[in-house]
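Student: Input file: entry.cif. Contents: mmCIF, C-alpha atoms.
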```
data_work
#
loop_
_atom_site.label_atom_id
_atom_site.label_comp_id
_atom_site.auth_asym_id
_atom_site.auth_seq_id
_atom_site.Cartn_x
_atom_site.Cartn_y
_atom_site.Cartn_z
CA MET A 9 0.00 0.00 0.00
CA SER A 10 1.40 3.37 -0.96
CA ASN A 11 2.25 5.89 1.75
CA MET A 12 1.92 8.79 -0.68
CA SER A 13 -0.45 11.47 0.51
CA PRO A 14 -3.59 11.81 -1.66
CA GLU A 15 -2.82 15.53 -1.93
CA ALA A 16 0.63 14.91 -3.37
CA ALA A 17 1.10 15.57 -7.06
CA PRO A 18 4.13 15.21 -9.31
CA ALA A 19 6.11 18.40 -9.75
CA ALA A 20 5.76 20.16 -13.09
CA PRO A 21 8.77 19.71 -15.40
CA LYS A 22 11.25 22.57 -15.46
CA TYR A 23 10.61 23.32 -19.14
CA TYR A 24 6.85 23.60 -18.46
CA LEU A 25 7.42 26.11 -15.67
CA LEU A 26 9.69 28.05 -18.00
CA LYS A 27 6.98 28.04 -20.68
CA THR A 28 4.65 29.88 -18.29
CA GLU A 29 7.41 32.40 -17.57
CA VAL A 30 8.00 33.03 -21.28
CA LEU A 31 4.27 33.36 -21.92
CA ALA A 32 4.13 36.03 -19.20
CA LEU A 33 7.19 37.69 -20.75
CA ILE A 34 5.58 37.99 -24.20
CA ALA A 35 2.09 38.92 -22.98
CA GLY A 36 1.05 42.16 -24.65
CA LEU A 37 4.01 42.27 -27.04
CA GLN A 38 3.32 42.96 -30.70
CA PRO A 39 3.67 40.11 -33.23
CA GLY A 40 7.15 40.09 -34.68
CA THR A 41 8.83 41.31 -31.48
CA LEU A 42 12.08 39.43 -30.90
CA ILE A 43 12.47 37.65 -27.56
CA PRO A 44 15.81 37.21 -25.72
CA THR A 45 18.25 34.56 -26.92
CA GLU A 46 18.38 31.08 -25.40
CA ARG A 47 21.53 32.06 -23.52
CA ALA A 48 19.89 35.20 -22.12
CA LEU A 49 16.76 33.31 -21.06
CA ALA A 50 18.85 30.61 -19.38
CA GLU A 51 20.70 33.26 -17.38
CA LYS A 52 17.52 35.22 -16.59
CA TYR A 53 15.67 32.18 -15.21
CA SER A 54 18.73 30.32 -13.83
CA THR A 55 18.19 27.21 -15.90
CA SER A 56 19.94 25.26 -18.65
CA ARG A 57 19.84 26.08 -22.35
CA THR A 58 18.43 22.58 -22.92
CA THR A 59 15.42 23.46 -20.77
CA VAL A 60 15.04 26.78 -22.58
CA ARG A 61 15.27 25.07 -25.97
CA GLN A 62 12.52 22.57 -25.06
CA ALA A 63 10.21 25.31 -23.76
CA ILE A 64 10.76 27.47 -26.84
CA SER A 65 10.26 24.53 -29.21
CA GLU A 66 6.88 23.75 -27.68
CA LEU A 67 5.78 27.38 -27.87
CA VAL A 68 6.81 27.45 -31.55
CA ALA A 69 4.85 24.24 -32.19
CA GLU A 70 1.83 25.75 -30.44
CA GLY A 71 2.03 28.88 -32.58
CA ARG A 72 2.82 31.27 -29.72
CA LEU A 73 6.33 31.97 -31.01
CA GLY A 74 7.91 31.94 -34.45
CA ARG A 75 11.48 31.15 -35.37
CA ILE A 76 13.62 32.00 -38.41
CA GLN A 77 17.05 30.41 -38.64
CA GLY A 78 19.71 33.05 -38.25
CA HIS A 79 17.24 35.78 -37.30
CA GLY A 80 16.00 34.72 -33.86
CA THR A 81 12.72 33.87 -32.15
CA PHE A 82 9.78 36.25 -32.15
CA VAL A 83 6.20 36.67 -30.97
CA ALA A 84 3.95 34.93 -33.49
CA PRO A 85 0.82 36.53 -34.97
CA PRO A 86 -2.59 35.14 -33.96
CA LYS A 87 -3.65 31.89 -35.62
CA VAL A 88 -5.78 32.07 -38.73
CA THR A 89 -9.32 30.95 -37.92
CA HIS A 90 -10.62 29.02 -40.91
CA VAL A 91 -14.34 28.28 -41.10
CA ARG A 92 -14.81 25.24 -43.32
CA GLN A 93 -18.40 25.16 -44.54
CA LEU A 94 -19.61 25.57 -48.12
CA THR A 95 -17.14 28.34 -48.74
CA SER A 96 -13.66 28.23 -50.20
CA PHE A 97 -10.31 28.99 -48.60
CA SER A 98 -10.30 32.39 -50.34
CA ASP A 99 -13.81 33.29 -49.17
CA ASP A 100 -13.07 32.30 -45.57
CA ALA A 101 -9.90 34.40 -45.54
CA ARG A 102 -11.57 37.50 -46.97
CA THR A 103 -14.41 37.37 -44.44
CA GLN A 104 -11.73 37.64 -41.74
CA GLY A 105 -10.12 40.65 -43.41
CA LEU A 106 -7.13 38.62 -44.59
CA ARG A 107 -5.48 38.57 -48.01
CA PRO A 108 -5.49 35.09 -49.59
CA ASP A 109 -3.24 34.02 -52.41
CA SER A 110 -1.99 30.85 -54.08
CA THR A 111 1.14 29.52 -55.72
CA LEU A 112 0.41 26.99 -58.43
CA ILE A 113 2.64 23.92 -58.24
CA ALA A 114 0.98 21.65 -60.80
CA LEU A 115 -2.16 21.35 -62.91
CA ASP A 116 -2.60 18.13 -64.83
CA VAL A 117 -5.23 15.91 -66.40
CA LEU A 118 -4.60 12.33 -65.29
CA LYS A 119 -6.20 8.91 -65.06
CA ALA A 120 -7.83 8.36 -61.66
CA ASP A 121 -6.21 5.73 -59.46
CA SER A 122 -8.24 3.48 -57.17
CA VAL A 123 -8.26 5.96 -54.24
CA VAL A 124 -9.30 9.02 -56.25
CA SER A 125 -11.89 7.12 -58.28
CA ALA A 126 -13.45 5.70 -55.10
CA HIS A 127 -13.87 9.16 -53.57
CA LEU A 128 -15.22 10.77 -56.73
CA GLY A 129 -17.48 7.88 -57.68
CA LEU A 130 -15.68 7.28 -60.97
CA ASP A 131 -14.36 4.22 -62.74
CA GLU A 132 -10.68 3.59 -62.15
CA GLY A 133 -8.74 5.15 -65.02
CA ALA A 134 -11.37 7.82 -65.66
CA GLN A 135 -10.10 11.29 -66.55
CA VAL A 136 -9.59 13.70 -63.62
CA THR A 137 -8.04 17.12 -63.15
CA ARG A 138 -5.39 17.38 -60.43
CA LEU A 139 -4.69 20.84 -58.98
CA GLU A 140 -1.79 21.33 -56.56
CA ARG A 141 -1.24 24.67 -54.84
CA ILE A 142 0.35 26.34 -51.84
CA ARG A 143 -2.25 28.50 -50.13
CA LEU A 144 -1.00 31.73 -48.58
CA ILE A 145 -2.39 34.23 -46.09
CA GLU A 146 -0.84 37.71 -46.13
CA GLY A 147 1.98 36.25 -48.23
CA GLU A 148 2.80 33.51 -45.71
CA PRO A 149 2.45 29.80 -46.66
CA LEU A 150 -0.39 28.26 -44.66
CA ALA A 151 -1.36 25.07 -46.46
CA HIS A 152 -0.39 22.60 -49.17
CA GLU A 153 -3.48 21.63 -51.13
CA VAL A 154 -4.08 18.91 -53.72
CA ALA A 155 -7.55 18.84 -55.33
CA TRP A 156 -8.99 16.27 -57.71
CA LEU A 157 -11.94 17.16 -59.95
CA PRO A 158 -13.87 14.86 -62.31
CA GLY A 159 -13.07 15.19 -66.02
CA LYS A 160 -11.19 17.86 -67.93
CA LEU A 161 -12.19 21.51 -67.59
CA ALA A 162 -11.57 23.65 -70.66
CA ARG A 163 -9.18 26.62 -70.11
CA PHE A 164 -9.17 25.79 -66.43
CA LYS A 165 -5.78 27.35 -65.62
CA SER A 166 -6.58 30.76 -67.10
CA ASN A 167 -10.08 30.80 -65.61
CA LEU A 168 -8.78 29.84 -62.16
CA THR A 169 -6.10 32.52 -62.35
CA LYS A 170 -8.75 35.16 -63.04
CA ALA A 171 -11.18 33.97 -60.35
CA GLY A 172 -8.64 33.03 -57.66
CA SER A 173 -11.19 30.87 -55.84
CA LEU A 174 -11.77 27.28 -56.95
CA TYR A 175 -15.43 27.33 -55.91
CA ALA A 176 -16.01 30.64 -57.67
CA VAL A 177 -14.62 29.40 -60.99
CA LEU A 178 -16.50 26.10 -60.73
CA ALA A 179 -19.80 27.91 -60.17
CA ASP A 180 -19.39 30.96 -62.42
CA VAL A 181 -17.59 29.39 -65.38
CA TYR A 182 -18.53 25.71 -65.37
CA GLY A 183 -21.92 25.80 -63.62
CA ILE A 184 -20.75 23.38 -60.92
CA ARG A 185 -22.11 24.46 -57.55
CA VAL A 186 -21.09 22.91 -54.25
CA ALA A 187 -24.14 22.11 -52.12
CA ASP A 188 -22.70 19.75 -49.51
CA VAL A 189 -19.25 19.09 -48.07
CA GLU A 190 -17.77 16.53 -45.72
CA ASP A 191 -14.51 17.39 -43.96
CA THR A 192 -12.37 14.76 -42.25
CA VAL A 193 -9.65 16.15 -39.97
CA GLU A 194 -6.60 14.36 -38.61
CA THR A 195 -3.20 15.32 -37.22
CA ALA A 196 0.25 14.61 -38.62
CA LEU A 197 3.87 15.66 -38.19
CA ALA A 198 5.79 17.52 -40.87
CA GLY A 199 8.10 15.49 -43.08
CA PRO A 200 10.81 16.66 -45.51
CA GLY A 201 8.27 17.60 -48.20
CA ASP A 202 6.22 19.71 -45.77
CA VAL A 203 9.37 21.45 -44.55
CA GLN A 204 10.23 22.47 -48.11
CA LEU A 205 6.73 23.50 -49.18
CA LEU A 206 5.55 25.29 -46.03
CA GLY A 207 8.81 26.60 -44.58
CA ILE A 208 8.37 24.82 -41.24
CA GLU A 209 10.56 22.62 -39.07
CA MET A 210 10.76 18.83 -39.31
CA GLY A 211 8.21 17.27 -36.94
CA ALA A 212 6.08 20.43 -36.68
CA PRO A 213 2.36 19.74 -36.06
CA LEU A 214 0.03 19.65 -39.05
CA LEU A 215 -3.73 19.47 -39.53
CA VAL A 216 -4.69 17.34 -42.52
CA VAL A 217 -8.18 18.00 -43.89
CA HIS A 218 -9.79 15.76 -46.51
CA ARG A 219 -12.79 17.40 -48.14
CA LEU A 220 -15.39 15.72 -50.30
CA ALA A 221 -17.74 18.18 -51.99
CA ARG A 222 -20.99 17.23 -53.73
CA SER A 223 -23.49 18.96 -55.99
CA ALA A 224 -27.16 19.42 -55.11
CA THR A 225 -27.87 16.03 -56.70
CA GLY A 226 -25.25 14.33 -54.51
CA VAL A 227 -22.65 13.88 -57.25
CA PRO A 228 -19.02 14.28 -56.04
CA VAL A 229 -17.43 17.35 -57.65
CA GLU A 230 -14.22 17.73 -55.64
CA TRP A 231 -11.95 15.70 -53.39
CA THR A 232 -9.15 17.68 -51.73
CA ARG A 233 -6.35 16.94 -49.31
CA SER A 234 -5.17 20.07 -47.50
CA THR A 235 -2.21 20.05 -45.13
CA PHE A 236 -2.35 23.05 -42.82
CA ARG A 237 0.38 24.38 -40.54
CA GLY A 238 -0.71 23.58 -36.99
CA ASP A 239 1.10 26.62 -35.61
CA ARG A 240 -0.87 29.03 -37.80
CA PHE A 241 -4.26 27.39 -38.28
CA ARG A 242 -7.37 26.90 -36.15
CA PHE A 243 -10.21 24.80 -37.55
CA VAL A 244 -13.77 26.01 -36.84
CA SER A 245 -16.97 24.32 -38.01
CA ARG A 246 -20.44 25.75 -37.53
CA VAL A 247 -23.73 23.89 -37.79
CA LYS A 248 -27.09 25.62 -37.54
CA SER A 249 -29.71 24.17 -35.22
CA GLY A 250 -31.95 21.67 -36.96
CA GLU A 251 -29.44 20.82 -39.69
#
```
Mind turning the file's structure into structure tokens?
Tutor:
Amino acid sequence: MSNMSPEAAPAAPKYYLLKTEVLALIAGLQPGTLIPTERALAEKYSTSRTTVRQAISELVAEGRLGRIQGHGTFVAPPKVTHVRQLTSFSDDARTQGLRPDSTLIALDVLKADSVVSAHLGLDEGAQVTRLERIRLIEGEPLAHEVAWLPGKLARFKSNLTKAGSLYAVLADVYGIRVADVEDTVETALAGPGDVQLLGIEMGAPLLVVHRLARSATGVPVEWTRSTFRGDRFRFVSRVKSGE
């Protein structure tokens, strides 16, 4: 039988206590403000640089701090709140007063493999359009997005460039309107490809969102895999009462 008092609790790790100190230190500071170096923080709080490094790494992963190699660690801007309903990435950003943009990586017409065909309700080998982009907010990479659309869309690249929003060009140019979406969200850790595409550190937290969009008749019109930076993204979903 243990003699430990029921009131006893394990002591908080040193790095966790330091995290609370750093959070108090940066409270009220403007985004972009540089914080003291690891050496300075270790001296200020009488702890090791290893403890400081662990505390800072967790705050970076949580999106409270940002870090640029060779430039230092700074107070991070607030996370982007992204409301995933029947609207597009661009629409959601604009409603929050943010400037969306995209960098096109690839746009191809391919034969659907077994996974894509299953999601879009097509025969394997059917023609699909694959759109790969980096989505940006205020010029900063936020997500890596790969979308698959049934068939081939005439002059799709030029029309998408003009419209900016995938849903806008589908509706206004091709008469394809999204009436229902299903989002599946899971977590992942950044690998080498994510590091290169999103400018983040290896092992950084990611939110992976798979979206299946359907028309009013229930026909799949889009299947997209979006990998969002966990340090800059907050997922919000709203459902009206009775729906």
Student: Env of A:Pro228: 7 Å cut, atoms = all atoms listed in the file, seq-sep filter 4 positions within chain, self excluded. Answer as a PyMOL selection string.
Tutor: chain A and resi 128-129+220-223
Student: Next, dump the selected residues to file, keeping only C-alpha atoms, as a compact mmCIF listing (two decimals), in the frame of the given file.
Tutor:
```txt
# COMPACT_ATOMS: atom_id res chain seq x y z
CA LEU A 128 -15.22 10.77 -56.73
CA GLY A 129 -17.48 7.88 -57.68
CA LEU A 220 -15.39 15.72 -50.30
CA ALA A 221 -17.74 18.18 -51.99
CA ARG A 222 -20.99 17.23 -53.73
CA SER A 223 -23.49 18.96 -55.99
```
Student: Every residue with an atom at most 12 Å from (9.8, 28.0, -16.0) (file coordinates; all atoms listed in the file) is what I'm after, so could you write them as a ChimeraX atom specification?
Tutor: /A:20-33,49-50,52-56,59-64
Student: Could you tell me, as a PyMOL selection string, exactly which residues end up selected when the PyMOL selection byres ((chain A and resi 109-113) around 9) is applied to this structure?
Tutor: chain A and resi 98+107-108+114-115+139-147+149+172
Student: Just the residues within 12 Å of A:Phe241, please, counting only C-alpha atoms, with nothing from its chain fewer than 5 positions along; format it as number ranges by chain.
Tutor: A: 69-72, 85-92, 101, 144-145, 148-151, 213-217, 234-236
Student: Have a look at A:Gly159, A:Gly211, A:Gly36, A:Gly201 and name the one nearest to A:Ser125; count all atoms listed in the file.
Tutor: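 For A:Ser125, the nearest of the candidates is A:Gly159.
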Student: If we count all atoms listed in the file, what is near A:Ala84 at a cut-off of 6 Å, once residues fewer than 5 positions away on the same chain are taken out, given as an MDAnalysis selection string?
Tutor: chainID A and resid 39 72:74
Student: Generate the output file for the selected residues, C-alpha atoms, as a PDB file, in the coordinates of the input.
Tutor:
```pdb
ATOM      1  CA  PRO A  39       3.670  40.110 -33.230  1.00  0.00           C
ATOM      2  CA  ARG A  72       2.820  31.270 -29.720  1.00  0.00           C
ATOM      3  CA  LEU A  73       6.330  31.970 -31.010  1.00  0.00           C
ATOM      4  CA  GLY A  74       7.910  31.940 -34.450  1.00  0.00           C
TER       5      GLY A  74
END
```
Student: Just the number, please: distance in Å from atom CA of A:His152 to atom CA of A:Thr225, one decimal.
Tutor: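 Atom-to-atom, atom CA of A:His152 to atom CA of A:Thr225, that is 29.2 Å.
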Student: So which residues get picked by the PyMOL selection byres ((chain A and resi 77-81) around 8) here, written as JSON, numbers by chain?
Tutor: {"A": [42, 43, 44, 45, 73, 74, 75, 76, 82, 83]}
Student: Pick out the closest residue to A:Ser65 from this set: A:Val123, A:Arg240, A:Thr137, A:Met210. Count all atoms listed in the file.
Tutor: A:Met210
Student: Provide the atom CA of A:Asp116 to atom CA of A:Leu197 distance in Å, to one decimal place.
Tutor: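 Separation of atom CA of A:Asp116 and atom CA of A:Leu197: 27.5 Å.
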Student: Please write as a ChimeraX atom specification the list of polymer residues whose atoms come within 8 Å of (-4.0, 12.5, -66.3), counting only C-alpha atoms and keeping to the coordinates of the file.
Tutor: /A:116-120,135-138
Student: In Å, with one decimal, what is the gap from atom CA of A:Val181 to atom CA of A:Leu130?
Tutor: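 Straight-line distance from atom CA of A:Val181 to atom CA of A:Leu130 works out to 22.6 Å.
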Student: What does the PyMOL selection byres ((chain A and resi 232) around 6) select in this file, as a compact mmCIF listing (two decimals) with C-alpha atoms, in the frame of the given file?
Tutor:
```txt
# COMPACT_ATOMS: atom_id res chain seq x y z
CA VAL A 154 -4.08 18.91 -53.72
CA ALA A 155 -7.55 18.84 -55.33
CA HIS A 218 -9.79 15.76 -46.51
CA ARG A 219 -12.79 17.40 -48.14
CA TRP A 231 -11.95 15.70 -53.39
CA ARG A 233 -6.35 16.94 -49.31
```
Student: Emit as lines of an AutoDock Vina configuration file the padded axis-aligned box for all listed atoms of stretch 206-224 of chain A, 8 Å per side, with centre and edge lengths in Å to one decimal.
Tutor:
```
center_x = -8.2
center_y = 21.2
center_z = -46.0
size_x = 53.9
size_y = 26.9
size_z = 35.9
```
